[in-house]
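> The following file, coords28.pdb, comprises PDB, C-alpha atoms, pLDDT in the B column:
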ATOM      1  CA  MET A1399     -22.941 -80.584-131.978  1.00 66.00           C
ATOM      2  CA  LYS A1400     -19.824 -78.640-131.168  1.00 73.00           C
ATOM      3  CA  ARG A1401     -20.238 -75.032-130.071  1.00 73.00           C
ATOM      4  CA  THR A1402     -17.612 -72.459-131.018  1.00 72.00           C
ATOM      5  CA  ASN A1403     -16.976 -69.217-129.179  1.00 73.00           C
ATOM      6  CA  GLU A1404     -16.425 -66.359-131.527  1.00 70.00           C
ATOM      7  CA  SER A1405     -14.766 -63.214-130.365  1.00 74.00           C
ATOM      8  CA  GLY A1406     -14.217 -59.870-132.086  1.00 74.00           C
ATOM      9  CA  ARG A1407     -16.380 -57.695-134.263  1.00 79.00           C
ATOM     10  CA  SER A1408     -17.959 -58.448-137.572  1.00 87.00           C
ATOM     11  CA  MET A1409     -17.156 -56.487-140.694  1.00 89.00           C
ATOM     12  CA  VAL A1410     -20.636 -54.896-140.699  1.00 91.00           C
ATOM     13  CA  GLU A1411     -20.161 -53.589-137.156  1.00 90.00           C
ATOM     14  CA  MET A1412     -16.793 -52.100-138.076  1.00 91.00           C
ATOM     15  CA  LEU A1413     -18.228 -50.408-141.178  1.00 94.00           C
ATOM     16  CA  GLY A1414     -21.018 -48.948-139.029  1.00 94.00           C
ATOM     17  CA  VAL A1415     -18.480 -47.487-136.617  1.00 94.00           C
ATOM     18  CA  LEU A1416     -16.471 -46.021-139.505  1.00 95.00           C
ATOM     19  CA  ALA A1417     -19.609 -44.450-140.996  1.00 95.00           C
ATOM     20  CA  ILE A1418     -20.481 -42.806-137.674  1.00 96.00           C
ATOM     21  CA  ILE A1419     -16.934 -41.488-137.268  1.00 96.00           C
ATOM     22  CA  GLY A1420     -17.045 -40.136-140.837  1.00 95.00           C
ATOM     23  CA  VAL A1421     -20.292 -38.231-140.239  1.00 95.00           C
ATOM     24  CA  LEU A1422     -18.987 -36.764-136.976  1.00 95.00           C
ATOM     25  CA  SER A1423     -15.723 -35.750-138.664  1.00 96.00           C
ATOM     26  CA  ILE A1424     -17.527 -33.900-141.447  1.00 95.00           C
ATOM     27  CA  GLY A1425     -19.575 -31.994-138.872  1.00 94.00           C
ATOM     28  CA  GLY A1426     -16.443 -31.175-136.899  1.00 95.00           C
ATOM     29  CA  ILE A1427     -14.561 -29.906-139.937  1.00 95.00           C
ATOM     30  CA  ALA A1428     -17.501 -27.708-140.969  1.00 93.00           C
ATOM     31  CA  GLY A1429     -17.768 -26.307-137.435  1.00 94.00           C
ATOM     32  CA  TYR A1430     -14.031 -25.636-137.322  1.00 95.00           C
ATOM     33  CA  SER A1431     -14.169 -23.833-140.671  1.00 93.00           C
ATOM     34  CA  MET A1432     -17.041 -21.616-139.501  1.00 93.00           C
ATOM     35  CA  ALA A1433     -15.243 -20.861-136.230  1.00 94.00           C
ATOM     36  CA  MET A1434     -12.040 -19.872-138.091  1.00 94.00           C
ATOM     37  CA  ASN A1435     -14.026 -17.603-140.434  1.00 92.00           C
ATOM     38  CA  ARG A1436     -15.632 -15.883-137.439  1.00 93.00           C
ATOM     39  CA  TYR A1437     -12.240 -15.539-135.740  1.00 94.00           C
ATOM     40  CA  ARG A1438     -10.640 -13.953-138.836  1.00 93.00           C
ATOM     41  CA  ALA A1439     -13.599 -11.610-139.325  1.00 93.00           C
ATOM     42  CA  ASN A1440     -13.608 -10.642-135.644  1.00 94.00           C
ATOM     43  CA  GLU A1441      -9.878  -9.935-135.763  1.00 93.00           C
ATOM     44  CA  ALA A1442     -10.236  -7.752-138.876  1.00 93.00           C
ATOM     45  CA  LEU A1443     -13.193  -5.823-137.436  1.00 93.00           C
ATOM     46  CA  ASP A1444     -11.358  -5.308-134.153  1.00 93.00           C
ATOM     47  CA  MET A1445      -8.315  -3.980-136.006  1.00 93.00           C
ATOM     48  CA  ALA A1446     -10.530  -1.719-138.154  1.00 93.00           C
ATOM     49  CA  THR A1447     -12.230  -0.321-135.048  1.00 92.00           C
ATOM     50  CA  LYS A1448      -8.891   0.418-133.371  1.00 92.00           C
ATOM     51  CA  PHE A1449      -7.648   2.070-136.566  1.00 93.00           C
ATOM     52  CA  ALA A1450     -10.825   4.168-136.768  1.00 92.00           C
ATOM     53  CA  VAL A1451     -10.406   5.344-133.168  1.00 91.00           C
ATOM     54  CA  VAL A1452      -6.800   6.341-133.839  1.00 92.00           C
ATOM     55  CA  LEU A1453      -7.767   8.231-137.007  1.00 92.00           C
ATOM     56  CA  TYR A1454     -10.708   9.961-135.347  1.00 90.00           C
ATOM     57  CA  SER A1455      -8.506  11.019-132.415  1.00 90.00           C
ATOM     58  CA  ALA A1456      -5.781  12.255-134.768  1.00 90.00           C
ATOM     59  CA  LYS A1457      -8.312  14.345-136.689  1.00 90.00           C
ATOM     60  CA  GLN A1458      -9.669  15.841-133.446  1.00 89.00           C
ATOM     61  CA  THR A1459      -6.130  16.624-132.272  1.00 91.00           C
ATOM     62  CA  ALA A1460      -5.246  18.215-135.615  1.00 90.00           C
ATOM     63  CA  ALA A1461      -8.384  20.358-135.504  1.00 89.00           C
ATOM     64  CA  ALA A1462      -7.667  21.459-131.924  1.00 92.00           C
ATOM     65  CA  THR A1463      -4.091  22.456-132.739  1.00 92.00           C
ATOM     66  CA  GLY A1464      -4.936  24.039-136.081  1.00 89.00           C
ATOM     67  CA  ASN A1465      -2.927  21.537-138.120  1.00 90.00           C
ATOM     68  CA  ALA A1466      -4.040  19.884-141.351  1.00 88.00           C
ATOM     69  CA  PHE A1467      -5.199  16.273-141.234  1.00 88.00           C
ATOM     70  CA  THR A1468      -4.678  13.821-144.072  1.00 86.00           C
ATOM     71  CA  GLU A1469      -5.842  10.208-143.898  1.00 84.00           C
ATOM     72  CA  SER A1470      -3.215   9.068-146.379  1.00 85.00           C
ATOM     73  CA  LYS A1471      -0.318   9.539-143.954  1.00 87.00           C
ATOM     74  CA  TYR A1472      -1.846   6.960-141.577  1.00 90.00           C
ATOM     75  CA  SER A1473      -1.683   3.182-141.963  1.00 89.00           C
ATOM     76  CA  LEU A1474      -2.027   0.189-139.668  1.00 90.00           C
ATOM     77  CA  TYR A1475       1.767   0.061-139.619  1.00 90.00           C
ATOM     78  CA  SER A1476       2.319   3.756-138.856  1.00 88.00           C
ATOM     79  CA  THR A1477      -0.183   3.624-135.980  1.00 88.00           C
ATOM     80  CA  GLY A1478       1.497   0.560-134.462  1.00 88.00           C
ATOM     81  CA  LEU A1479      -1.417  -1.812-135.052  1.00 88.00           C
ATOM     82  CA  THR A1480       0.629  -4.169-137.223  1.00 85.00           C
ATOM     83  CA  THR A1481       4.333  -4.935-137.563  1.00 86.00           C
ATOM     84  CA  ASP A1482       4.345  -5.689-141.307  1.00 82.00           C
ATOM     85  CA  SER A1483       5.905  -2.662-143.005  1.00 84.00           C
ATOM     86  CA  THR A1484       5.656  -4.171-146.506  1.00 86.00           C
ATOM     87  CA  ASN A1485       1.857  -4.534-146.263  1.00 86.00           C
ATOM     88  CA  ALA A1486       1.099  -1.424-144.228  1.00 87.00           C
ATOM     89  CA  ASN A1487      -2.695  -1.855-144.234  1.00 89.00           C
ATOM     90  CA  LYS A1488      -2.920  -5.633-143.941  1.00 90.00           C
ATOM     91  CA  THR A1489      -4.115  -7.167-140.683  1.00 89.00           C
ATOM     92  CA  PRO A1490      -2.274 -10.165-139.210  1.00 86.00           C
ATOM     93  CA  GLY A1491      -5.204 -12.364-140.318  1.00 85.00           C
ATOM     94  CA  GLY A1492      -4.825 -11.304-143.953  1.00 88.00           C
ATOM     95  CA  ALA A1493      -7.598  -8.723-144.356  1.00 91.00           C
ATOM     96  CA  THR A1494      -6.770  -5.459-146.126  1.00 92.00           C
ATOM     97  CA  ILE A1495      -8.102  -2.051-145.088  1.00 93.00           C
ATOM     98  CA  SER A1496      -8.376   0.609-147.788  1.00 92.00           C
ATOM     99  CA  GLY A1497     -10.431   3.613-148.894  1.00 91.00           C
ATOM    100  CA  VAL A1498     -10.263   5.334-145.512  1.00 92.00           C
ATOM    101  CA  SER A1499     -12.135   8.619-145.051  1.00 91.00           C
ATOM    102  CA  VAL A1500     -12.684  10.515-141.811  1.00 90.00           C
ATOM    103  CA  ASP A1501     -15.790  12.707-141.430  1.00 88.00           C
ATOM    104  CA  GLU A1502     -16.901  14.843-138.497  1.00 84.00           C
ATOM    105  CA  ASP A1503     -18.567  11.962-136.636  1.00 86.00           C
ATOM    106  CA  SER A1504     -17.511   8.781-138.459  1.00 89.00           C
ATOM    107  CA  VAL A1505     -14.698   6.908-140.133  1.00 92.00           C
ATOM    108  CA  LYS A1506     -15.421   4.900-143.292  1.00 93.00           C
ATOM    109  CA  MET A1507     -13.181   2.252-144.775  1.00 93.00           C
ATOM    110  CA  THR A1508     -13.343  -0.787-147.016  1.00 93.00           C
ATOM    111  CA  ILE A1509     -12.334  -4.098-145.475  1.00 93.00           C
ATOM    112  CA  ASP A1510     -11.314  -6.837-147.904  1.00 94.00           C
ATOM    113  CA  PHE A1511     -11.453 -10.069-145.916  1.00 92.00           C
ATOM    114  CA  GLY A1512      -9.920 -12.161-148.707  1.00 90.00           C
ATOM    115  CA  ALA A1513     -12.607 -14.876-148.678  1.00 90.00           C
ATOM    116  CA  ALA A1514     -16.379 -14.861-149.063  1.00 89.00           C
ATOM    117  CA  GLY A1515     -16.860 -17.012-145.949  1.00 90.00           C
ATOM    118  CA  VAL A1516     -14.921 -14.561-143.799  1.00 91.00           C
ATOM    119  CA  CYS A1517     -16.814 -11.624-145.346  1.00 90.00           C
ATOM    120  CA  LYS A1518     -20.145 -13.280-144.521  1.00 91.00           C
ATOM    121  CA  ALA A1519     -18.973 -13.949-140.963  1.00 91.00           C
ATOM    122  CA  GLY A1520     -17.962 -10.293-140.594  1.00 91.00           C
ATOM    123  CA  ALA A1521     -21.314  -9.094-141.900  1.00 90.00           C
ATOM    124  CA  SER A1522     -23.046 -11.487-139.521  1.00 90.00           C
ATOM    125  CA  ILE A1523     -21.052 -10.147-136.557  1.00 90.00           C
ATOM    126  CA  LEU A1524     -22.108  -6.595-137.437  1.00 89.00           C
ATOM    127  CA  GLY A1525     -25.692  -7.669-138.140  1.00 88.00           C
ATOM    128  CA  VAL A1526     -25.609  -6.455-141.745  1.00 86.00           C
ATOM    129  CA  THR A1527     -25.966  -9.724-143.638  1.00 80.00           C
ATOM    130  CA  ASP A1528     -26.949  -7.974-146.881  1.00 83.00           C
ATOM    131  CA  LYS A1529     -23.421  -6.525-147.296  1.00 82.00           C
ATOM    132  CA  CYS A1530     -21.781  -9.770-148.462  1.00 83.00           C
ATOM    133  CA  THR A1531     -22.925 -12.041-151.268  1.00 80.00           C
ATOM    134  CA  ASP A1532     -21.564 -15.449-152.219  1.00 80.00           C
ATOM    135  CA  GLU A1533     -18.944 -13.818-154.459  1.00 84.00           C
ATOM    136  CA  SER A1534     -17.962 -10.697-152.514  1.00 87.00           C
ATOM    137  CA  THR A1535     -15.009 -10.630-150.165  1.00 90.00           C
ATOM    138  CA  SER A1536     -15.250  -7.016-148.960  1.00 90.00           C
ATOM    139  CA  PHE A1537     -17.626  -4.356-147.731  1.00 91.00           C
ATOM    140  CA  GLU A1538     -17.570  -0.785-146.464  1.00 91.00           C
ATOM    141  CA  TYR A1539     -17.279  -0.503-142.705  1.00 91.00           C
ATOM    142  CA  THR A1540     -18.436   2.640-140.927  1.00 91.00           C
ATOM    143  CA  PHE A1541     -17.304   3.451-137.403  1.00 91.00           C
ATOM    144  CA  LYS A1542     -19.473   6.128-135.786  1.00 88.00           C
ATOM    145  CA  GLN A1543     -18.211   8.083-132.820  1.00 76.00           C
ATOM    146  CA  SER A1544     -20.852   8.126-130.116  1.00 70.00           C
TER     147      SER A1544
END
Could you spell out this file's structure in structure tokens?

Amino acid sequence: MKRTNESGRSMVEMLGVLAIIGVLSIGGIAGYSMAMNRYRANEALDMATKFAVVLYSAKQTAAATGNAFTESKYSLYSTGLTTDSTNANKTPGGATISGVSVDEDSVKMTIDFGAAGVCKAGASILGVTDKCTDESTSFEYTFKQS
């Protein structure tokens, strides 16, 4: 009886390797998508917080000098937080800030994240998971001066 030496991999072994790579790839893509949503939400919330601080400071300065304060004359562009003059209240990540109102101790604004996944990530970062549903892309953000 003649013995043959076989070398290489069988088709079943190769299909097993491909299946494992496929499962790992799906997990990696899902993780990447979640990380990008958190990054975009974090960027929008950071920009909104900076904008709120600028508005709150401007209102305090106007009150101290006896001048009138109007929220409408301020935008992300006019405060130097973004360089896009055509979309004055759009963050670099694509979120839009609107409905800004400044009270004595807080600044309220609506942040439209543009996607439900980013909205949910933003709500999760703030710990207010009830603010975003599967369909909503925006919620009202309140910055309180402490």
> Go ahead and compute the interatomic distance for CA of Glu1538 in chain A and CA of Ala1461 in chain A, in Å to one decimal.
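About the pair CA of Glu1538 in chain A and CA of Ala1461 in chain A: they are 25.5 Å apart.
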> What is the distance, in Å and to one decimal place, between CA of Lys1457 in chain A and CA of Thr1535 in chain A?
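Separation between CA of Lys1457 in chain A and CA of Thr1535 in chain A: 29.2 Å.
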> Between CA of Thr1508 in chain A and CA of Val1451 in chain A, what is the spacing in Å?
15.4 Å
> Once you add 4 Å to each side, what are the centre and edge lengths of the axis-aligned box holding all listed atoms of range 1405-1418 of chain A? One decimal in Å, as JSON, if you can.

{"center_x": -17.6, "center_y": -53.0, "center_z": -135.8, "size_x": 14.8, "size_y": 28.4, "size_z": 18.8}
> Quick one: residues within 9 Å of Val1516 in chain A, all atoms listed in the file, excluding same-chain residues fewer than 5 positions away - as a list in words?
Met1432, Met1434, Asn1435, Arg1436, Tyr1437, Arg1438, Ala1439, Phe1511, Ala1521 and Thr1535 of chain A
> Let's have the selection written as a PDB file, keeping the file's coordinate frame, with C-alpha atoms.

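Generated file (part31.pdb):
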ATOM      1  CA  MET A1432     -17.041 -21.616-139.501  1.00 93.00           C
ATOM      2  CA  MET A1434     -12.040 -19.872-138.091  1.00 94.00           C
ATOM      3  CA  ASN A1435     -14.026 -17.603-140.434  1.00 92.00           C
ATOM      4  CA  ARG A1436     -15.632 -15.883-137.439  1.00 93.00           C
ATOM      5  CA  TYR A1437     -12.240 -15.539-135.740  1.00 94.00           C
ATOM      6  CA  ARG A1438     -10.640 -13.953-138.836  1.00 93.00           C
ATOM      7  CA  ALA A1439     -13.599 -11.610-139.325  1.00 93.00           C
ATOM      8  CA  PHE A1511     -11.453 -10.069-145.916  1.00 92.00           C
ATOM      9  CA  ALA A1521     -21.314  -9.094-141.900  1.00 90.00           C
ATOM     10  CA  THR A1535     -15.009 -10.630-150.165  1.00 90.00           C
TER      11      THR A1535
END
> Give me the result of the PyMOL selection byres ((chain A and resi 1544) around 8) on this file, residue by residue, as a PyMOL selection string.
chain A and resi 1503+1542-1543
> Which is closer to Gly1520 in chain A than all the others in A:Asn1487, A:Thr1402, A:Asn1440, A:Ser1431, using all atoms listed in the file?
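Of the candidates, the smallest distance to Gly1520 in chain A is held by A:Asn1440.
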> Give me the residues within 8 Å of Ile1495 in chain A as an MDAnalysis selection string, counting all atoms listed in the file and dropping any in the same chain fewer than 4 places off.
chainID A and resid 1446 1487:1489 1507:1510
